[in-house]
>>> print(open('final.cif').read())   # mmCIF, C-alpha atoms
data_coords
loop_
_atom_site.group_PDB
_atom_site.id
_atom_site.type_symbol
_atom_site.label_atom_id
_atom_site.label_comp_id
_atom_site.auth_asym_id
_atom_site.auth_seq_id
_atom_site.Cartn_x
_atom_site.Cartn_y
_atom_site.Cartn_z
ATOM 1 C CA MET S 269 124.473 97.173 96.894
ATOM 2 C CA SER S 270 125.040 100.606 98.337
ATOM 3 C CA HIS S 271 121.574 101.950 99.013
ATOM 4 C CA ILE S 272 117.880 101.110 99.083
ATOM 5 C CA THR S 273 115.245 103.706 98.280
ATOM 6 C CA GLN S 274 111.619 103.230 99.295
ATOM 7 C CA LEU S 275 108.964 105.330 97.613
ATOM 8 C CA ALA S 276 105.247 105.807 97.165
ATOM 9 C CA LEU S 277 103.817 105.971 93.667
ATOM 10 C CA SER S 278 102.597 109.100 91.932
ATOM 11 C CA LEU S 279 100.635 108.365 88.747
ATOM 12 C CA GLN S 280 101.902 111.070 86.382
ATOM 13 C CA ASN S 281 102.896 109.051 83.314
ATOM 14 C CA LEU S 282 99.930 108.715 80.943
ATOM 15 C CA GLU S 283 101.580 106.145 78.677
ATOM 16 C CA CYS S 284 102.363 103.906 81.649
ATOM 17 C CA VAL S 285 98.773 104.245 82.928
ATOM 18 C CA LYS S 286 97.565 103.124 79.477
ATOM 19 C CA SER S 287 99.995 100.176 79.446
ATOM 20 C CA ALA S 288 98.933 99.092 82.946
ATOM 21 C CA VAL S 289 95.266 99.207 81.860
ATOM 22 C CA THR S 290 96.118 97.034 78.838
ATOM 23 C CA ARG S 291 97.764 94.473 81.120
ATOM 24 C CA MET S 292 94.829 94.284 83.543
ATOM 25 C CA ALA S 293 91.903 92.215 82.261
ATOM 26 C CA GLY S 294 88.620 94.075 82.650
ATOM 27 C CA ALA S 295 90.148 97.533 83.237
ATOM 28 C CA THR S 296 89.201 100.389 80.908
ATOM 29 C CA LEU S 297 90.148 104.037 80.504
ATOM 30 C CA ASN S 298 87.167 106.252 79.773
ATOM 31 C CA GLY S 299 88.973 109.452 78.781
ATOM 32 C CA TYR S 300 89.236 112.804 80.514
ATOM 33 C CA LYS S 301 86.502 114.408 82.583
ATOM 34 C CA THR S 302 86.274 117.618 84.540
ATOM 35 C CA ILE S 303 84.972 117.009 88.024
ATOM 36 C CA TRP S 304 84.601 118.966 91.265
ATOM 37 C CA LEU S 305 86.771 117.380 93.953
ATOM 38 C CA LYS S 306 88.096 118.592 97.295
ATOM 39 C CA GLY S 307 86.948 122.132 96.702
ATOM 40 C CA LYS S 308 88.212 122.654 93.181
ATOM 41 C CA SER S 309 87.615 121.754 89.580
ATOM 42 C CA ARG S 310 90.012 119.129 88.241
ATOM 43 C CA LYS S 311 90.633 117.618 84.830
ATOM 44 C CA VAL S 312 91.030 113.914 85.545
ATOM 45 C CA LEU S 313 91.363 110.628 83.744
ATOM 46 C CA GLU S 314 88.531 108.181 84.451
ATOM 47 C CA LEU S 315 89.604 104.616 85.120
ATOM 48 C CA GLN S 316 87.233 101.699 85.573
ATOM 49 C CA LEU S 317 88.760 98.742 87.404
ATOM 50 C CA PRO S 318 87.191 95.265 87.230
ATOM 51 C CA ASP S 319 84.362 94.749 89.759
ATOM 52 C CA PHE S 320 84.577 98.346 91.001
ATOM 53 C CA LYS S 321 81.179 99.987 91.399
ATOM 54 C CA LEU S 322 82.549 103.487 90.864
ATOM 55 C CA PRO S 323 85.314 104.644 88.547
ATOM 56 C CA LEU S 324 88.604 105.999 89.877
ATOM 57 C CA TYR S 325 89.884 109.406 88.876
ATOM 58 C CA ILE S 326 93.562 110.106 88.184
ATOM 59 C CA ASP S 327 94.931 113.642 88.136
ATOM 60 C CA ILE S 328 97.899 113.149 85.828
ATOM 61 C CA ASN S 329 99.290 116.607 86.680
ATOM 62 C CA THR S 330 99.629 115.848 90.380
ATOM 63 C CA GLY S 331 99.677 112.041 90.339
ATOM 64 C CA ASP S 332 96.771 111.917 92.803
ATOM 65 C CA VAL S 333 94.220 109.096 92.580
ATOM 66 C CA PHE S 334 90.672 109.556 93.885
ATOM 67 C CA ASN S 335 89.117 106.261 94.796
ATOM 68 C CA ASP S 336 86.051 105.412 96.874
ATOM 69 C CA ASN S 337 85.647 101.658 97.308
ATOM 70 C CA TYR S 338 83.505 101.975 100.483
ATOM 71 C CA ASN S 339 85.881 99.899 102.608
ATOM 72 C CA GLY S 340 86.012 97.141 100.031
ATOM 73 C CA GLN S 341 82.261 96.812 99.453
ATOM 74 C CA TRP S 342 82.404 98.693 96.137
ATOM 75 C CA GLY S 343 85.687 97.213 94.917
ATOM 76 C CA LYS S 344 88.561 95.182 96.334
ATOM 77 C CA LEU S 345 91.667 97.022 97.489
ATOM 78 C CA GLY S 346 93.771 94.162 96.098
ATOM 79 C CA VAL S 347 92.550 94.934 92.570
ATOM 80 C CA TYR S 348 93.530 98.592 92.962
ATOM 81 C CA ASN S 349 96.923 97.623 94.400
ATOM 82 C CA LYS S 350 97.509 95.241 91.477
ATOM 83 C CA PHE S 351 96.912 98.146 89.129
ATOM 84 C CA LEU S 352 99.494 100.209 91.032
ATOM 85 C CA GLN S 353 101.983 97.354 90.747
ATOM 86 C CA LEU S 354 101.462 97.113 86.997
ATOM 87 C CA TYR S 355 101.855 100.891 86.660
ATOM 88 C CA ALA S 356 105.144 100.838 88.613
ATOM 89 C CA SER S 357 106.506 98.000 86.476
ATOM 90 C CA GLU S 358 105.586 99.898 83.302
ATOM 91 C CA VAL S 359 107.460 102.973 84.597
ATOM 92 C CA ALA S 360 110.514 100.804 85.293
ATOM 93 C CA LYS S 361 110.260 99.259 81.802
ATOM 94 C CA GLU S 362 109.996 102.679 80.125
ATOM 95 C CA PHE S 363 113.002 103.914 82.127
ATOM 96 C CA ALA S 364 114.989 100.850 80.996
ATOM 97 C CA ILE S 365 114.162 101.414 77.321
ATOM 98 C CA ASN S 366 115.021 105.130 77.448
ATOM 99 C CA ASN S 367 118.238 104.741 79.433
ATOM 100 C CA ASN S 368 120.022 101.816 77.755
ATOM 101 C CA TYR S 369 119.119 99.030 80.167
ATOM 102 C CA SER S 370 117.729 95.586 79.407
ATOM 103 C CA TYR S 371 114.543 94.734 81.309
ATOM 104 C CA GLU S 372 113.322 91.565 83.006
ATOM 105 C CA GLU S 373 110.237 91.162 85.144
ATOM 106 C CA GLU S 374 109.238 88.324 87.438
ATOM 107 C CA GLU S 375 106.412 87.749 89.883
ATOM 108 C CA LEU S 376 107.663 86.530 93.247
ATOM 109 C CA ALA S 377 105.974 84.370 95.856
ATOM 110 C CA GLY S 378 103.567 86.507 97.846
ATOM 111 C CA GLY S 379 102.635 88.655 94.882
ATOM 112 C CA LYS S 380 105.609 91.031 94.745
ATOM 113 C CA ILE S 381 106.990 91.979 91.336
ATOM 114 C CA ARG S 382 110.737 92.227 90.776
ATOM 115 C CA CYS S 383 112.040 94.265 87.847
ATOM 116 C CA THR S 384 115.714 93.849 86.958
ATOM 117 C CA LEU S 385 117.306 96.552 84.814
ATOM 118 C CA SER S 386 120.776 95.608 83.537
ATOM 119 C CA ALA S 387 123.075 98.218 82.015
ATOM 120 C CA ILE S 388 123.593 97.275 78.346
ATOM 121 C CA GLU S 389 127.303 98.241 78.455
ATOM 122 C CA SER S 390 127.835 95.816 81.351
ATOM 123 C CA ILE S 391 126.230 93.009 79.347
ATOM 124 C CA LYS S 392 128.446 93.796 76.321
ATOM 125 C CA ASP S 393 131.561 93.826 78.542
ATOM 126 C CA SER S 394 130.786 90.425 80.047
ATOM 127 C CA MET S 395 129.995 88.900 76.622
ATOM 128 C CA THR S 396 133.245 90.258 75.182
ATOM 129 C CA SER S 397 135.244 88.855 78.104
ATOM 130 C CA GLU S 398 133.597 85.461 77.491
ATOM 131 C CA GLY S 399 134.716 85.493 73.862
ATOM 132 C CA TYR S 400 131.488 86.508 72.108
ATOM 133 C CA ASN S 401 131.888 88.792 69.091
ATOM 134 C CA ILE S 402 129.049 91.289 69.398
ATOM 135 C CA GLY S 403 130.177 93.981 66.973
ATOM 136 C CA MET G 221 129.410 91.948 88.004
ATOM 137 C CA GLY G 222 127.402 94.237 85.676
ATOM 138 C CA LYS G 223 125.508 97.238 86.949
ATOM 139 C CA LYS G 224 121.895 96.451 87.750
ATOM 140 C CA ILE G 225 118.964 98.340 89.186
ATOM 141 C CA ILE G 226 116.506 96.142 91.056
ATOM 142 C CA VAL G 227 112.958 97.419 91.615
ATOM 143 C CA ASN G 228 110.843 95.390 94.044
ATOM 144 C CA ILE G 229 107.186 96.390 93.875
ATOM 145 C CA GLY G 230 105.111 95.358 96.878
ATOM 146 C CA THR G 231 101.528 94.169 96.702
ATOM 147 C CA ASP G 232 100.484 97.649 97.872
ATOM 148 C CA GLY G 233 102.378 99.331 95.014
ATOM 149 C CA VAL G 234 105.115 100.670 97.299
ATOM 150 C CA SER G 235 108.439 100.206 95.552
ATOM 151 C CA ALA G 236 111.973 99.638 96.792
ATOM 152 C CA ILE G 237 114.905 100.360 94.488
ATOM 153 C CA SER G 238 118.428 99.057 94.967
ATOM 154 C CA VAL G 239 121.581 98.914 92.833
ATOM 155 C CA VAL G 240 124.123 96.109 92.473
ATOM 156 C CA GLY G 241 127.503 96.155 90.723
ATOM 157 C CA THR G 242 128.539 99.633 91.796
ATOM 158 C CA THR G 243 129.301 101.445 95.036
ATOM 159 C CA GLY G 244 129.327 104.921 96.535
ATOM 160 C CA GLY G 245 127.597 107.970 95.133
ATOM 161 C CA THR G 246 127.411 106.540 91.581
ATOM 162 C CA CYS G 247 124.500 104.327 92.512
ATOM 163 C CA LEU G 248 122.538 107.235 93.975
ATOM 164 C CA LYS G 249 122.864 108.990 90.619
ATOM 165 C CA MET G 250 121.848 105.810 88.730
ATOM 166 C CA THR G 251 118.478 105.652 90.458
ATOM 167 C CA GLU G 252 117.686 109.360 90.797
ATOM 168 C CA LYS G 253 115.754 109.694 87.525
ATOM 169 C CA LEU G 254 113.873 106.440 88.035
ATOM 170 C CA GLU G 255 112.838 107.539 91.532
ATOM 171 C CA GLN G 256 111.513 110.820 90.150
ATOM 172 C CA SER G 257 109.534 108.902 87.510
ATOM 173 C CA LEU G 258 107.948 106.576 90.056
ATOM 174 C CA GLY G 259 106.876 109.001 92.752
ATOM 175 C CA ASN G 260 107.816 110.360 96.136
ATOM 176 C CA VAL G 261 110.800 109.064 98.071
ATOM 177 C CA ASN G 262 109.868 107.967 101.593
ATOM 178 C CA ASN G 263 113.203 106.704 102.789
ATOM 179 C CA VAL G 264 116.796 106.178 101.583
ATOM 180 C CA LYS G 265 118.940 103.684 103.449
ATOM 181 C CA LEU G 266 122.673 103.705 102.737
ATOM 182 C CA THR G 267 124.274 100.261 103.105
ATOM 183 C CA ASP G 268 127.831 99.209 104.065
ATOM 184 C CA ASP G 269 128.963 99.202 100.409
ATOM 185 C CA TYR G 270 128.261 102.922 100.173
ATOM 186 C CA TYR G 271 130.574 103.708 103.102
ATOM 187 C CA VAL G 272 133.277 101.275 101.883
ATOM 188 C CA ALA G 273 133.421 103.198 98.612
ATOM 189 C CA LEU G 274 133.712 106.502 100.461
ATOM 190 C CA GLU G 275 136.567 105.121 102.611
ATOM 191 C CA ASN G 276 138.378 103.829 99.527
ATOM 192 C CA ASN G 277 138.065 107.195 97.808
ATOM 193 C CA ALA G 278 139.419 108.936 100.899
ATOM 194 C CA LYS G 279 142.425 106.571 101.000
ATOM 195 C CA ILE G 280 143.182 107.200 97.321
ATOM 196 C CA GLN G 281 143.062 110.952 97.901
ATOM 197 C CA GLU G 282 145.403 110.635 100.932
ATOM 198 C CA LYS G 283 147.990 108.771 98.797
ATOM 199 C CA GLN G 284 147.872 111.472 96.155
#
>>> encode(input="final.cif", output="structure tokens")
Amino acid sequence: MSHITQLALSLQNLECVKSAVTRMAGATLNGYKTIWLKGKSRKVLELQLPDFKLPLYIDINTGDVFNDNYNGQWGKLGVYNKFLQLYASEVAKEFAINNNYSYEEEELAGGKIRCTLSAIESIKDSMTSEGYNIG
Amino acid sequence: MGKKIIVNIGTDGVSAISVVGTTGGTCLKMTEKLEQSLGNVNNVKLTDDYYVALENNAKIQEKQ
């Protein structure tokens, strides 16, 4: 391993938002709305998370998420964070599919998710060296 | 060992990406597009393997 990159999510991939919603029981996407936020008009995607009193708004152009859970009284932060995790794993999966990697996902103790992307050429090389005929 | 990208996603959605099976600048290139897809890079930590690869490249160039 030669480097480790740490990053914060930016929700700018609509397809991955949709996939994350599909994976989260009780979450729904309610389409686009135009709302007035932080001094300007924004076209945002409305997301309803399970047990959240108010919907969240995602600006797909900037990746910003607008969320008011009233310090947990109107929705649990853990539910929102789980959605972010699912979104990140969907981005990793899409990257794997588009860039010739295989994809595996596992949930670790403590709630972390580990995604392993293996280069397809490396898999072919190791199978060939082990005597498999893979054409 | 085959080339692998490992993405660890914390319970707060913050992700850490690392590469195994390759060294040096190649691994930075491997993860660049994925990083851009996920969001904003907070921190990049180069490990010993990165510098070993740089040293090896320098030695090869000296011999040539």
>>> resolve_selection(input="final.cif", expression="the PyMOL selection byres ((chain G) within 7 of (chain S))", output="PyMOL selection string")
chain G and resi 222-244+247+254+257-270
>>> resolve_selection(input="final.cif", expression="the PyMOL selection byres ((chain S and resi 292-304) around 6)", output="mmCIF file with C-alpha atoms, in the frame of the given file")
data_model
loop_
_atom_site.group_PDB
_atom_site.id
_atom_site.type_symbol
_atom_site.label_atom_id
_atom_site.label_comp_id
_atom_site.auth_asym_id
_atom_site.auth_seq_id
_atom_site.Cartn_x
_atom_site.Cartn_y
_atom_site.Cartn_z
ATOM 1 C CA VAL S 289 95.266 99.207 81.860
ATOM 2 C CA THR S 290 96.118 97.034 78.838
ATOM 3 C CA ARG S 291 97.764 94.473 81.120
ATOM 4 C CA LEU S 305 86.771 117.380 93.953
ATOM 5 C CA LYS S 308 88.212 122.654 93.181
ATOM 6 C CA SER S 309 87.615 121.754 89.580
ATOM 7 C CA ARG S 310 90.012 119.129 88.241
ATOM 8 C CA LYS S 311 90.633 117.618 84.830
ATOM 9 C CA VAL S 312 91.030 113.914 85.545
ATOM 10 C CA LEU S 313 91.363 110.628 83.744
ATOM 11 C CA GLU S 314 88.531 108.181 84.451
ATOM 12 C CA LEU S 315 89.604 104.616 85.120
ATOM 13 C CA GLN S 316 87.233 101.699 85.573
ATOM 14 C CA LEU S 317 88.760 98.742 87.404
ATOM 15 C CA PRO S 318 87.191 95.265 87.230
#
>>> atom_distance(input="final.cif", atom1="CA of Lys344 (chain S)", atom2="CA of Leu322 (chain S)")
11.6 Å
>>> atom_distance(input="final.cif", atom1="CA of Thr246 (chain G)", atom2="CA of Cys284 (chain S)")
27.1 Å
>>> atom_distance(input="final.cif", atom1="CA of Leu248 (chain G)", atom2="CA of Asn366 (chain S)")
18.3 Å
